[in-house]
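**Student:** Got a structure here, written out as structure tokens. Questions coming.
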Amino acid sequence: MRLEQLSYLIAVHESKSISLAAERSHISQPALSSAISKLEDELGVVLLKRTNAGAFLTEMGEKIIIIAKEVLNKVDEIKSIAQGDSFELTGNISIAVEPSINITVMPDILTTFKHNHPKVNAILKVGESNNILRDVQSGKADFGIILKTDAFCSSKDINFKELFSDEFVIIAGNNCEMTKESITMSLKKALSLPILLYNTEYITTCGVSSVLQKYGDLNVSYRVDNLEMMEKILSQGKTIAFVPQFMADEYVKSNMLKKVTLSDAHLEVSIILIWLNRHHLSMVEKEFIRVIKTVCSLKMQR
């Protein structure tokens, strides 16, 4: 029995797919499948049920994987004790983040983590919160940083940590007639104006729209999946967008956009870090979580 066999078994359990587990483990699908088959032969039990819908643990596999995770955790502890401060973390991390996080705190998170752990490769994807939630649920991403949406609140088997809270404000072009000479606006008026939504899927709802729809019908004029396009459209003054305040503060630095606060409502939003309950947190990932929490805490204190 080899440690990598246990690691591959955990990867399949998390992604429920041999092909996806192989991709994320950076080996070929036949090699991973062969490694697990050899482990099954050695133990004399079937660990996986391979079906057209994916790969799933058997009852015996469920029992063994609990111990497998404990074994890998102990191996990490042994390495840490043996090598002390000289211990170098290696491996890969995939994270999907909401665009407001990507343009504000993510650069500090990645550069801080990479400076401390240069041999760890971090793969970053930017997307809308509900899309990221699906990526984490399917095992395509190890972690997600998202807005706490209704879809998240009704999801199952997801761990999360709240990083910080904020509230939605409006951003619009400096020459926008609809918000001319106004630094505040009622929510009712804002909802009547043409609205731009950031959306990365061919669907009509997203995390922001699910919040706004509680207060009335939306006049959605644009759905875009590109932040540069979003800024250019807003700067033309024909539409507005709802974004967290910390993102608005970043956008107004360009002098193309301005921030308008709501005069009669506080639309609170939580920014959270999510990962699957069944996902085994390696030492690398635990360190990554620590860096995320530290950077977000410092960012919000400024």
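Residues in the structure tokens are numbered from 1 in each chain, the chains being A, B, ... in the order shown, and ligands are numbered from 1 in the order shown.
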Give me, as an MDAnalysis selection string, all polymer residues having an atom no more than 6 Å from Leu48 in chain A, counting only C-alpha atoms and skipping those fewer than 2 positions away in the same chain.
**Tutor:** chainID A and resid 46 56:58
**Student:** Just list as a PyMOL selection string whatever in range 30-266 of chain A DSSP marks as alpha helix (DSSP H).
**Tutor:** chain A and resi 30-43+59-83+99-102+106-116+129-138+150-153+187-192+207-212+227-235+245-251
**Student:** Taking only C-alpha atoms into account, name the residue in A:Lys232, A:Arg24, A:Lys38, A:Arg134 that is nearest to Tyr251 in chain A.
**Tutor:**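 Looking at the shortest contact to Tyr251 in chain A, the residue is A:Lys232.
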**Student:** Which residues are near range 263-274 of chain A? Cut-off 8 Å, only C-alpha atoms, ignore same chain within fewer than 3 positions. Put them as a VMD selection string.
**Tutor:** chain A and resid 133 136 143 to 148 158 to 168 184 to 187 211 244
**Student:** Could you work out how far CA of Ile36 in chain A lies from CA of Ile64 in chain A, giving the answer in Å with one decimal?
**Tutor:**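 Computed distance, CA of Ile64 in chain A to CA of Ile36 in chain A, equals 12.8 Å.
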**Student:** Please identify all polymer residues within 8 Å of range 98-109 of chain A, counting only C-alpha atoms, omitting same-chain residues fewer than 6 positions from it, and present them as a list in words.
**Tutor:** Val126, Gly127, Glu128, Ser129, Ile132, Ile145, Ile146, Leu147, Leu227, Val243, Pro244, Phe246, Met247, Glu250, Val291, Ile292, Val295, Cys296 and Lys299 of chain A
**Student:** Please return as JSON, numbers by chain: the residues of range 133-280 of chain A that backbone DSSP assigns to strand (DSSP E).
**Tutor:** {"A": [143, 144, 145, 146, 147, 158, 159, 160, 161, 162, 163, 164, 165, 166, 167, 168, 169, 170, 171, 172, 173, 184, 185, 195, 196, 197, 198, 220, 221, 222, 223, 224, 240, 241, 242, 243, 244, 257, 258, 259, 260, 261, 262, 268, 269, 270, 271, 272, 273, 274, 275, 276]}
**Student:** May I have the residues from that selection written out with C-alpha atoms, as a tab-separated table (two decimals), in the first residue's frame?
**Tutor:**
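Below you can see result03.tsv, which holds the result:
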```tsv
chain	number	residue	atom	x	y	z
A	143	PHE	CA	-12.18	26.35	-2.69
A	144	GLY	CA	-14.44	29.20	-3.61
A	145	ILE	CA	-14.74	32.74	-2.31
A	146	ILE	CA	-18.28	33.92	-2.96
A	147	LEU	CA	-21.10	36.15	-1.85
A	158	ILE	CA	-20.49	22.57	2.16
A	159	ASN	CA	-18.12	23.94	4.80
A	160	PHE	CA	-17.65	27.68	5.01
A	161	LYS	CA	-15.91	30.45	6.92
A	162	GLU	CA	-17.16	34.02	6.86
A	163	LEU	CA	-14.32	36.32	5.82
A	164	PHE	CA	-16.06	39.68	6.23
A	165	SER	CA	-19.38	41.43	5.65
A	166	ASP	CA	-20.31	44.45	3.57
A	167	GLU	CA	-23.32	46.00	1.85
A	168	PHE	CA	-24.37	46.61	-1.74
A	169	VAL	CA	-24.03	50.05	-3.28
A	170	ILE	CA	-24.53	51.37	-6.82
A	171	ILE	CA	-21.84	52.21	-9.35
A	172	ALA	CA	-22.52	54.25	-12.47
A	173	GLY	CA	-20.67	56.33	-15.02
A	184	THR	CA	-27.68	58.67	-2.60
A	185	MET	CA	-30.73	57.05	-4.13
A	195	ILE	CA	-29.30	47.35	-14.44
A	196	LEU	CA	-26.13	45.54	-15.49
A	197	LEU	CA	-25.48	42.12	-13.92
A	198	TYR	CA	-22.23	40.20	-13.79
A	220	VAL	CA	-31.98	44.09	-16.42
A	221	SER	CA	-30.46	45.60	-19.56
A	222	TYR	CA	-27.08	43.80	-19.68
A	223	ARG	CA	-25.53	40.57	-18.50
A	224	VAL	CA	-21.75	40.38	-18.96
A	240	ILE	CA	-26.09	51.06	-13.25
A	241	ALA	CA	-24.78	48.06	-11.31
A	242	PHE	CA	-25.09	46.83	-7.73
A	243	VAL	CA	-21.79	45.70	-6.22
A	244	PRO	CA	-20.34	45.29	-2.70
A	257	LEU	CA	-17.24	55.57	-12.36
A	258	LYS	CA	-18.85	56.95	-9.23
A	259	LYS	CA	-20.45	55.36	-6.17
A	260	VAL	CA	-24.05	55.99	-5.11
A	261	THR	CA	-25.30	54.67	-1.76
A	262	LEU	CA	-28.85	53.60	-0.99
A	268	GLU	CA	-26.03	43.38	3.61
A	269	VAL	CA	-23.82	40.76	2.05
A	270	SER	CA	-21.36	38.25	3.52
A	271	ILE	CA	-18.20	37.17	1.73
A	272	ILE	CA	-17.43	33.54	2.53
A	273	LEU	CA	-14.81	30.88	1.82
A	274	ILE	CA	-16.36	27.52	0.86
A	275	TRP	CA	-15.18	23.94	0.34
A	276	LEU	CA	-16.76	20.49	0.30
```
**Student:** Determine the nearest neighbour of Lys114 in chain A from the options A:Leu89, A:Leu212, A:Leu20, A:Val97, counting only C-alpha atoms.
**Tutor:**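 Nearest candidate to Lys114 in chain A out of A:Leu89, A:Leu212, A:Leu20, A:Val97: A:Leu89.
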**Student:** Find, counting only C-alpha atoms, the residue in A:Ile123, A:Asp41, A:Phe113, A:Ile27 that gets nearest to Arg290 in chain A.
**Tutor:**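 Result for the nearest residue to Arg290 in chain A: A:Phe113.
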**Student:** Between A:Glu4, A:Glu88, A:Ile65, A:Ala151, which residue has the minimum interatomic distance to Pro118 in chain A, considering only C-alpha atoms?
**Tutor:**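 So, comparing all the options, the nearest one is A:Glu88.
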**Student:** Closest to Gly139 in chain A among A:Ser94, A:Gln5, A:Ser182, A:Ser254, using only C-alpha atoms?
**Tutor:**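 Once distances to Gly139 in chain A are computed over only C-alpha atoms, the minimum belongs to A:Ser94.
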**Student:** Could you tell me which of A:Cys176, A:Ala190, A:Cys206, A:Ala55 comes closest to Ile10 in chain A if we count only C-alpha atoms?
**Tutor:**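 Counting only C-alpha atoms, the residue closest to Ile10 in chain A is A:Ala55.
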**Student:** Do a neighbour search on Asn219 in chain A at 8 Å with only C-alpha atoms, toss out local chain neighbours closer than 4 positions, and write the hits as a PDB file with all heavy atoms, in the first residue's frame.
**Tutor:**
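So out26.pdb came out as:
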```pdb
ATOM      1  N   LEU A 191     -34.033  50.280  -8.577  1.00  0.00           N
ATOM      2  CA  LEU A 191     -34.539  49.076  -9.232  1.00  0.00           C
ATOM      3  C   LEU A 191     -35.277  49.394 -10.523  1.00  0.00           C
ATOM      4  O   LEU A 191     -35.430  48.526 -11.388  1.00  0.00           O
ATOM      5  CB  LEU A 191     -35.458  48.300  -8.279  1.00  0.00           C
ATOM      6  CG  LEU A 191     -34.790  47.668  -7.057  1.00  0.00           C
ATOM      7  CD1 LEU A 191     -35.814  46.934  -6.207  1.00  0.00           C
ATOM      8  CD2 LEU A 191     -33.672  46.723  -7.461  1.00  0.00           C
ATOM      9  N   SER A 192     -35.750  50.631 -10.661  1.00  0.00           N
ATOM     10  CA  SER A 192     -36.461  51.024 -11.889  1.00  0.00           C
ATOM     11  C   SER A 192     -35.504  51.368 -13.027  1.00  0.00           C
ATOM     12  O   SER A 192     -35.911  51.435 -14.185  1.00  0.00           O
ATOM     13  CB  SER A 192     -37.371  52.228 -11.609  1.00  0.00           C
ATOM     14  OG  SER A 192     -36.599  53.413 -11.406  1.00  0.00           O
ATOM     15  N   LEU A 193     -34.231  51.572 -12.711  1.00  0.00           N
ATOM     16  CA  LEU A 193     -33.255  51.961 -13.721  1.00  0.00           C
ATOM     17  C   LEU A 193     -32.695  50.734 -14.440  1.00  0.00           C
ATOM     18  O   LEU A 193     -32.741  49.618 -13.914  1.00  0.00           O
ATOM     19  CB  LEU A 193     -32.107  52.737 -13.057  1.00  0.00           C
ATOM     20  CG  LEU A 193     -32.487  54.029 -12.326  1.00  0.00           C
ATOM     21  CD1 LEU A 193     -31.251  54.654 -11.690  1.00  0.00           C
ATOM     22  CD2 LEU A 193     -33.184  55.005 -13.253  1.00  0.00           C
ATOM     23  N   PRO A 194     -32.165  50.909 -15.649  1.00  0.00           N
ATOM     24  CA  PRO A 194     -31.519  49.790 -16.353  1.00  0.00           C
ATOM     25  C   PRO A 194     -30.337  49.268 -15.535  1.00  0.00           C
ATOM     26  O   PRO A 194     -29.481  50.042 -15.110  1.00  0.00           O
ATOM     27  CB  PRO A 194     -31.047  50.417 -17.670  1.00  0.00           C
ATOM     28  CG  PRO A 194     -31.895  51.629 -17.842  1.00  0.00           C
ATOM     29  CD  PRO A 194     -32.160  52.142 -16.452  1.00  0.00           C
ATOM     30  N   ILE A 195     -30.309  47.960 -15.312  1.00  0.00           N
ATOM     31  CA  ILE A 195     -29.304  47.351 -14.437  1.00  0.00           C
ATOM     32  C   ILE A 195     -28.398  46.411 -15.234  1.00  0.00           C
ATOM     33  O   ILE A 195     -28.859  45.655 -16.090  1.00  0.00           O
ATOM     34  CB  ILE A 195     -29.980  46.579 -13.285  1.00  0.00           C
ATOM     35  CG1 ILE A 195     -30.735  47.555 -12.373  1.00  0.00           C
ATOM     36  CG2 ILE A 195     -28.963  45.774 -12.477  1.00  0.00           C
ATOM     37  CD1 ILE A 195     -31.567  46.875 -11.308  1.00  0.00           C
TER      38      ILE A 195
END
```
**Student:** Using CA of Leu43 in chain A and CA of Val75 in chain A as the two end points, give the distance in Å to one decimal.
**Tutor:** 20.8 Å
